[in-house]
Amino acid sequence: MKKSYKIEVDCANCANKMEEAAKKTAGVKNATVNYMALKMDVEFEDGADVASVMKTVLKNCKKVEDDCEIYL
């Protein structure tokens, strides 16, 4: 399953950090952050609990970029 989320991030480098953090999260098959569109596309592994995985993605992104936001 693939979903898109609106994000808030200050710079392209920060967006790249968010993308890497999301990709390393359990339950995420792939993630792409588009800084210009302020959008994150997330592809989930089969059977993953999307809501739970996205809460973890947000927590992991906050670790690398504390002022970012993902609108779940």
# chains A, B, ... in the order shown; residues from 1 in each chain; ligands from 1
>>> residues_around(residues="range 15-17 of chain A", least_positions_apart="3", cutoff="6 Å", atoms="only C-alpha atoms", output="list in words")
Ala12, Glu20 and Tyr35 of chain A
>>> select_by_dssp(residues="range 25-71 of chain A", states="alpha helix (DSSP H)", output="PyMOL selection string")
chain A and resi 50-64
>>> residues_around(residues="Asp67 in chain A", least_positions_apart="3", cutoff="10 Å", atoms="only C-alpha atoms", output="list in words")
Glu8, Val9, Asp10, Cys14, Cys61, Lys62, Lys63 and Val64 of chain A
>>> closest_residue(among="A:Val28, A:Leu58, A:Met18, A:Ile7", to="Asp46 in chain A", atoms="only C-alpha atoms")
A:Val28
>>> closest_residue(among="A:Met36, A:Met1, A:Cys11, A:Ile70", to="Ala48 in chain A", atoms="only C-alpha atoms")
A:Met1
>>> residues_around(residues="Val53 in chain A", least_positions_apart="5", cutoff="10 Å", atoms="only C-alpha atoms", output="ChimeraX atom specification")
/A:22,25-28,44-45,48,58-59
>>> write_last_selection(atoms="all heavy atoms", output="JSON list (two decimals), in the first residue's frame")
[["chain", "number", "residue", "atom", "x", "y", "z"],
["A", 22, "ALA", "N", 12.71, 7.75, 7.53],
["A", 22, "ALA", "CA", 11.49, 7.01, 7.20],
["A", 22, "ALA", "C", 11.81, 5.66, 6.58],
["A", 22, "ALA", "O", 11.19, 4.65, 6.92],
["A", 22, "ALA", "CB", 10.62, 7.84, 6.26],
["A", 25, "THR", "N", 12.57, 2.85, 9.02],
["A", 25, "THR", "CA", 11.53, 2.48, 9.96],
["A", 25, "THR", "C", 10.92, 1.13, 9.61],
["A", 25, "THR", "O", 10.64, 0.86, 8.45],
["A", 25, "THR", "CB", 10.41, 3.56, 9.98],
["A", 25, "THR", "OG1", 11.01, 4.83, 10.27],
["A", 25, "THR", "CG2", 9.36, 3.25, 11.02],
["A", 26, "ALA", "N", 10.74, 0.28, 10.62],
["A", 26, "ALA", "CA", 10.13, -1.04, 10.40],
["A", 26, "ALA", "C", 8.71, -0.86, 9.87],
["A", 26, "ALA", "O", 7.95, -0.02, 10.36],
["A", 26, "ALA", "CB", 10.09, -1.81, 11.72],
["A", 27, "GLY", "N", 8.37, -1.62, 8.83],
["A", 27, "GLY", "CA", 7.06, -1.54, 8.22],
["A", 27, "GLY", "C", 7.02, -0.68, 6.98],
["A", 27, "GLY", "O", 6.04, -0.68, 6.24],
["A", 28, "VAL", "N", 8.11, 0.07, 6.73],
["A", 28, "VAL", "CA", 8.19, 0.92, 5.55],
["A", 28, "VAL", "C", 9.03, 0.20, 4.49],
["A", 28, "VAL", "O", 10.16, -0.18, 4.74],
["A", 28, "VAL", "CB", 8.83, 2.29, 5.88],
["A", 28, "VAL", "CG1", 9.05, 3.11, 4.61],
["A", 28, "VAL", "CG2", 7.97, 3.04, 6.87],
["A", 44, "PHE", "N", 4.21, 0.98, 2.19],
["A", 44, "PHE", "CA", 4.25, 0.13, 3.38],
["A", 44, "PHE", "C", 4.44, -1.33, 3.00],
["A", 44, "PHE", "O", 4.02, -1.77, 1.94],
["A", 44, "PHE", "CB", 2.95, 0.28, 4.17],
["A", 44, "PHE", "CG", 2.72, 1.68, 4.66],
["A", 44, "PHE", "CD1", 1.95, 2.57, 3.93],
["A", 44, "PHE", "CD2", 3.29, 2.12, 5.84],
["A", 44, "PHE", "CE1", 1.74, 3.87, 4.37],
["A", 44, "PHE", "CE2", 3.10, 3.41, 6.29],
["A", 44, "PHE", "CZ", 2.31, 4.29, 5.54],
["A", 45, "GLU", "N", 5.07, -2.08, 3.91],
["A", 45, "GLU", "CA", 5.21, -3.53, 3.72],
["A", 45, "GLU", "C", 3.85, -4.18, 3.89],
["A", 45, "GLU", "O", 2.97, -3.65, 4.58],
["A", 45, "GLU", "CB", 6.21, -4.09, 4.73],
["A", 45, "GLU", "CG", 7.63, -3.62, 4.48],
["A", 45, "GLU", "CD", 8.62, -4.12, 5.51],
["A", 45, "GLU", "OE1", 8.21, -4.77, 6.50],
["A", 45, "GLU", "OE2", 9.82, -3.85, 5.33],
["A", 48, "ALA", "N", 1.40, -4.31, 7.22],
["A", 48, "ALA", "CA", 1.82, -3.31, 8.20],
["A", 48, "ALA", "C", 0.62, -2.49, 8.68],
["A", 48, "ALA", "O", -0.29, -2.20, 7.92],
["A", 48, "ALA", "CB", 2.86, -2.38, 7.58],
["A", 58, "LEU", "N", 7.12, 9.40, 12.22],
["A", 58, "LEU", "CA", 7.17, 10.77, 12.74],
["A", 58, "LEU", "C", 8.16, 10.89, 13.88],
["A", 58, "LEU", "O", 8.97, 11.82, 13.92],
["A", 58, "LEU", "CB", 5.78, 11.22, 13.19],
["A", 58, "LEU", "CG", 5.70, 12.62, 13.80],
["A", 58, "LEU", "CD1", 6.17, 13.68, 12.82],
["A", 58, "LEU", "CD2", 4.28, 12.92, 14.26],
["A", 59, "LYS", "N", 8.14, 9.92, 14.80],
["A", 59, "LYS", "CA", 9.07, 9.93, 15.93],
["A", 59, "LYS", "C", 10.52, 9.87, 15.45],
["A", 59, "LYS", "O", 11.38, 10.61, 15.92],
["A", 59, "LYS", "CB", 8.75, 8.75, 16.87],
["A", 59, "LYS", "CG", 9.50, 8.80, 18.18],
["A", 59, "LYS", "CD", 8.92, 7.85, 19.22],
["A", 59, "LYS", "CE", 8.98, 6.42, 18.78],
["A", 59, "LYS", "NZ", 8.66, 5.47, 19.86]]
>>> residues_around(residues="Glu43 in chain A", least_positions_apart="2", cutoff="6 Å", atoms="only C-alpha atoms", output="number ranges by chain")
A: 1-2, 29-30
>>> write_last_selection(atoms="N, CA and C atoms", output="PDB file, in the first residue's frame")
ATOM      1  N   MET A   1       0.833  -1.168   0.000  1.00  0.00           N
ATOM      2  CA  MET A   1       0.000   0.000   0.000  1.00  0.00           C
ATOM      3  C   MET A   1       0.885   1.241   0.000  1.00  0.00           C
ATOM      4  N   LYS A   2       0.445   2.273  -0.720  1.00  0.00           N
ATOM      5  CA  LYS A   2       1.190   3.515  -0.810  1.00  0.00           C
ATOM      6  C   LYS A   2       0.293   4.666  -0.386  1.00  0.00           C
ATOM      7  N   LYS A  29       8.431   0.009   3.323  1.00  0.00           N
ATOM      8  CA  LYS A  29       9.134  -0.617   2.205  1.00  0.00           C
ATOM      9  C   LYS A  29      10.002   0.420   1.489  1.00  0.00           C
ATOM     10  N   ASN A  30       9.431   1.626   1.284  1.00  0.00           N
ATOM     11  CA  ASN A  30      10.157   2.711   0.637  1.00  0.00           C
ATOM     12  C   ASN A  30       9.502   4.031   1.015  1.00  0.00           C
TER      13      ASN A  30
END
>>> select_by_dssp(residues="chain A", states="strand (DSSP E or B)", output="MDAnalysis selection string")
chainID A and resid 2:8 28:34 39:44 69:71
>>> write_last_selection(atoms="C-alpha atoms", output="short mmCIF file (atom, residue, chain, number, x, y, z; two decimals), in the first residue's frame")
data_model
loop_
_atom_site.label_atom_id
_atom_site.label_comp_id
_atom_site.auth_asym_id
_atom_site.auth_seq_id
_atom_site.Cartn_x
_atom_site.Cartn_y
_atom_site.Cartn_z
CA LYS A 2 1.19 3.51 -0.81
CA LYS A 3 0.07 6.76 0.86
CA SER A 4 1.02 10.43 0.60
CA TYR A 5 1.34 12.82 3.52
CA LYS A 6 1.68 16.59 3.68
CA ILE A 7 4.84 17.60 5.53
CA GLU A 8 6.44 20.74 6.89
CA VAL A 28 8.19 0.92 5.55
CA LYS A 29 9.13 -0.62 2.21
CA ASN A 30 10.16 2.71 0.64
CA ALA A 31 9.76 6.43 1.28
CA THR A 32 10.29 9.51 -0.85
CA VAL A 33 10.23 13.12 0.32
CA ASN A 34 9.59 15.91 -2.17
CA LYS A 39 5.00 15.85 0.41
CA MET A 40 6.11 12.43 1.65
CA ASP A 41 5.15 9.29 -0.25
CA VAL A 42 5.37 6.12 1.84
CA GLU A 43 5.08 2.55 0.58
CA PHE A 44 4.25 0.13 3.38
CA GLU A 69 6.03 17.85 10.88
CA ILE A 70 4.10 15.09 9.12
CA TYR A 71 0.35 15.66 8.96
#
